[in-house]
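Before any comments, here is the structure.
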Amino acid sequence: MSSILDQDQTPITSTTQLAEHLAEGCKPTSKWRIGTEHEKFGFILNQENERYLLPPAYEPNGINAILTSMQRRNSEWKGIYDQGNLIGFDTDRGAISLEPAGQFELSGAPVNDIHAAKQEIELHFQDVHQAADPLNIGFAPIGFHPFATRAQMPWMPKERYKIMKAYMPKVGTLGLDMMTRTCTVQVNLDFSSEEDMARKMRVSLALQPLATALFANSPFYEGKPSGYQSTRAHIWTDTDNNRSGMPPAFFEEGFGFEQYVEWLIDVPMYFVIRDGKMIDVAGESFRNWLNGKAPNGFENQPVTMGDFKNHITTAFPDVRLKQYIEMRGADAGSQEMMLAMSAFWTGLLYDSATLIAAEKLVKEYSWQEYIELRPQVIKSGLSVLLGKENLRHFGKRILALAMDGLKARHLQNLQGQDERIFLAPLEEIVHGGPCQAEYWLQRYATVWQGNVKHILDEAKI
């Protein structure tokens with residue numbers, strides 16, 4: 001979730017203006033970049049009280065102390081504050097921000113290739129260790145917290161999250177769990193035109209259930225197997241369905257910037273920024289405001305481009321359009337899986353011939369079949385059927401295309417290896433190996449002897 005809020009006061013005069021804002025993201029292929037974002041849970045080490053291994057609070061000696069230590073070591077980083085509280089940084093390597101329960105997020109700077117993304121992640125982990133190790137705080141990227149209850153999760157001092165915390169229970173039963181007990185990894189990719197954007201959106205949204213199965217890494221709930229390979233993805237099924245999931249409108253013929261805007265302005269609002277302050281308007285209609293019916297207290301104020309840019313960040317479909325495209329359907333996982341996520345989508349979407357081949361393969365099944373696939377993979381992963389085809393076999397075919405796309409890019413590291421090396425974990429999975437969730441369940445039943453807390457020792461960065 002974005003920590004940076006926009007205060008552009010340009011009045012909105014039409015939905016075309018909003019579509020044009022999204023269209024400004026179009027870039028020639030020479031300027032396409034890759035942005036990897038990933039989240040991880042903090043946990044307290046070496047404590048002999050009831051908080052042993054639970055997430056650290058903002059303070060004392062918690063998340064704020066980590067951020068303050070980072071600030072001392074990196075004086076050139078620009079601090080991000082909310083009501084005077086340090087909540088992140090803008091850096092030359094991207095932005096560091098906090099999710100509601102202190103999940104630490106790196107929104108990586110756009111880079112040319114997955115090799116550079118690997119270096120970026122490794123440098124970030126070094127920064128985290130330098131600041132967190134002296135405080136006896138560790139971090140582990142897992143899709144859903146494996147044992148903490150909702151009540152045991154702390155809350156970060158961010159105004160946005162106060163508004164969401166009050167609103168979420170009105171629109172779903174699991175929104176507070178989404179906020180506090182989930183972590184994800186995503187990749188942000190560019191497009192060259194409206195046609196290119198629409199093709200990438202349709203292909204990637206159809207394939208999100210496959211990605212959810214491949215990257216499933218959250219099989220536990222409050223210390224026991226949850227019955228889901230991705231508990232994180234299950235949480236999203238009853239968080240706020242007006243702003244999440246796989247909207248059918250994205251699959252419709254003629255989908256483009258205008259159609260995305262039409263869907264987006266029907267997503268209920270959370271907040272408005274005025275004079276640097278965040279004002280709660282949760283549940284109000286953006287469309288109504290555009291049509292002259294302003295939220296209470298804003299009757300004489302025009303809706304602005306800043307309002308729209310902030311509103312974009314409050315929609316959570318499995319694939320989200322900004323001035324780039326965000327892939328959002330995967331659990332947080334190991335560094336190898338973080339990089340595999342970026343490599344998977346880059347391979348499929350950044351080579352034109354591969355993208356056309358992927359679209360052709362995707363069209364073997366109906367959009368409705370992909371939508372129906374989503375709840376099945378949440379529970380059973382790659383063992384389900386897509387039509388009459390085993391999803392693991394379908395995954396092999398898709399992964400082969402991703403391999404082709406990365407080969408065509410021919411971007412090598414110093415050892416002469418191209419980006420295909422980052423797909424190795426997925427190759428193992430589609431050829432019968434366990435996904436992360438299946439691996440952890442096996443450990444739980446054998447080596448851990450039913451004590452799920454061992455996952456933090458084995459999953460920590």
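Each chain in the structure tokens gets a letter, A, B and so on, in the order shown; residues start at 1 in every chain, and ligands are counted from 1 in the order they appear.
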For Met327 in chain A: contacts at 9 Å, only C-alpha atoms, fewer than 2 positions along chain excluded, given as a PyMOL selection string: chain A and resi 185-189+204-205+208+318-320+325+329-330+345
Alpha helix (DSSP H) residues, from DSSP on the backbone, in range 95-273 of chain A, as a PyMOL selection string: chain A and resi 114-132+159-171+175-181+194-206+208-214+231-236+257-264
Quick one: which range 220-312 of chain A residues come within 12 Å of range 413-436 of chain A, and what is the nearest atom pair for each with the distance in Å to one decimal, counting only C-alpha atoms, rows ordered by chain and ascending number, as CSV?
```
residue,atom,partner,partner_atom,distance
A:Phe220,CA,A:Gln436,CA,11.9
A:Gln229,CA,A:Gln436,CA,8.8
A:Ser230,CA,A:Gln436,CA,9.9
```
May I have the selected residues written with C-alpha atoms, as a compact mmCIF listing (two decimals), in the first residue's frame?
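Once written, result35.txt looks like this:
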```
# COMPACT_ATOMS: atom_id res chain seq x y z
CA PHE A 220 -0.99 -22.03 8.45
CA GLN A 229 -2.15 -23.47 0.39
CA SER A 230 -2.53 -19.68 0.28
```
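The space between CA of Arg160 in chain A and CA of Thr314 in chain A spans 10.1 Å.
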Considering only C-alpha atoms, give me a table of residues in range 304-344 of chain A that are at most 7 Å from range 258-278 of chain A, with the closest atom pair and distance in Å for each, as a tab-separated table.
```
residue	atom	partner	partner_atom	distance
A:Asp307	CA	A:Val272	CA	6.2
A:His311	CA	A:Met269	CA	6.6
A:Ala315	CA	A:Val267	CA	6.9
```
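Candidate residues A:Ser352, A:Ser380, A:Thr180, A:Thr313 were compared for distance to Gln103 in chain A, and the nearest is A:Thr180, using only C-alpha atoms.
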Minimum-distance residue to His115 in chain A, chosen among A:Ala402, A:Leu54, A:Ala340, A:Met164 (using only C-alpha atoms): A:Ala340
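Non-sequential neighbours of Phe144 in chain A (distance at most 6 Å, separation of 3 or more positions within a chain, only C-alpha atoms) are Arg181, Thr182, Ser218 and Arg232 of chain A.
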Could you write out the selected residues, including N, CA and C atoms, as a tab-separated table (two decimals), in the first residue's frame?
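Just written: again-v2.tsv:
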```
chain	number	residue	atom	x	y	z
A	181	ARG	N	-2.19	-9.35	8.81
A	181	ARG	CA	-1.57	-10.67	8.85
A	181	ARG	C	-1.17	-11.21	7.49
A	182	THR	N	-1.10	-10.36	6.46
A	182	THR	CA	-0.69	-10.84	5.14
A	182	THR	C	0.54	-10.10	4.65
A	218	SER	N	1.52	-19.85	2.41
A	218	SER	CA	0.84	-19.50	3.66
A	218	SER	C	-0.18	-20.57	4.04
A	232	ARG	N	-3.35	-16.34	2.60
A	232	ARG	CA	-3.39	-14.93	2.21
A	232	ARG	C	-4.43	-14.72	1.11
```
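The closest residue to Ala282 in chain A, picked from A:Val362, A:Cys183, A:Val171, A:Ala437 and counting only C-alpha atoms, is A:Val171.
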Selection near range 6-18 of chain A, 7 Å with only C-alpha atoms, sequence-local residues under 3 positions removed, as a list in words: His21, Leu22, Glu258, Val261, Ile273, Pro302, Val303, Thr304, Met305, Gly306, Lys309 and Asn310 of chain A
For the residues in the current selection, export N, CA and C atoms as a compact mmCIF listing (two decimals), in the first residue's frame.
```
# COMPACT_ATOMS: atom_id res chain seq x y z
N HIS A 21 -4.47 10.50 -17.88
CA HIS A 21 -3.44 10.37 -16.84
C HIS A 21 -2.82 8.97 -16.87
N LEU A 22 -3.65 7.94 -16.97
CA LEU A 22 -3.12 6.58 -17.05
C LEU A 22 -2.32 6.38 -18.32
N GLU A 258 -10.14 4.06 -20.54
CA GLU A 258 -11.46 4.58 -20.16
C GLU A 258 -12.26 3.55 -19.37
N VAL A 261 -10.96 3.27 -15.85
CA VAL A 261 -11.42 4.42 -15.07
C VAL A 261 -12.88 4.23 -14.65
N ILE A 273 -7.34 14.20 0.79
CA ILE A 273 -6.27 15.02 1.38
C ILE A 273 -6.58 16.48 1.12
N PRO A 302 -14.04 21.28 -5.64
CA PRO A 302 -13.98 20.41 -6.81
C PRO A 302 -13.19 19.14 -6.49
N VAL A 303 -13.53 18.05 -7.16
CA VAL A 303 -12.71 16.85 -7.08
C VAL A 303 -11.47 17.07 -7.95
N THR A 304 -10.31 16.66 -7.45
CA THR A 304 -9.04 17.01 -8.09
C THR A 304 -8.28 15.79 -8.59
N MET A 305 -7.26 16.06 -9.39
CA MET A 305 -6.41 14.97 -9.86
C MET A 305 -5.69 14.31 -8.69
N GLY A 306 -5.35 15.08 -7.67
CA GLY A 306 -4.75 14.48 -6.48
C GLY A 306 -5.68 13.48 -5.82
N LYS A 309 -5.52 10.36 -8.03
CA LYS A 309 -4.27 9.61 -7.89
C LYS A 309 -4.22 8.86 -6.56
N ASN A 310 -4.74 9.46 -5.50
CA ASN A 310 -4.80 8.76 -4.22
C ASN A 310 -5.82 7.63 -4.28
```
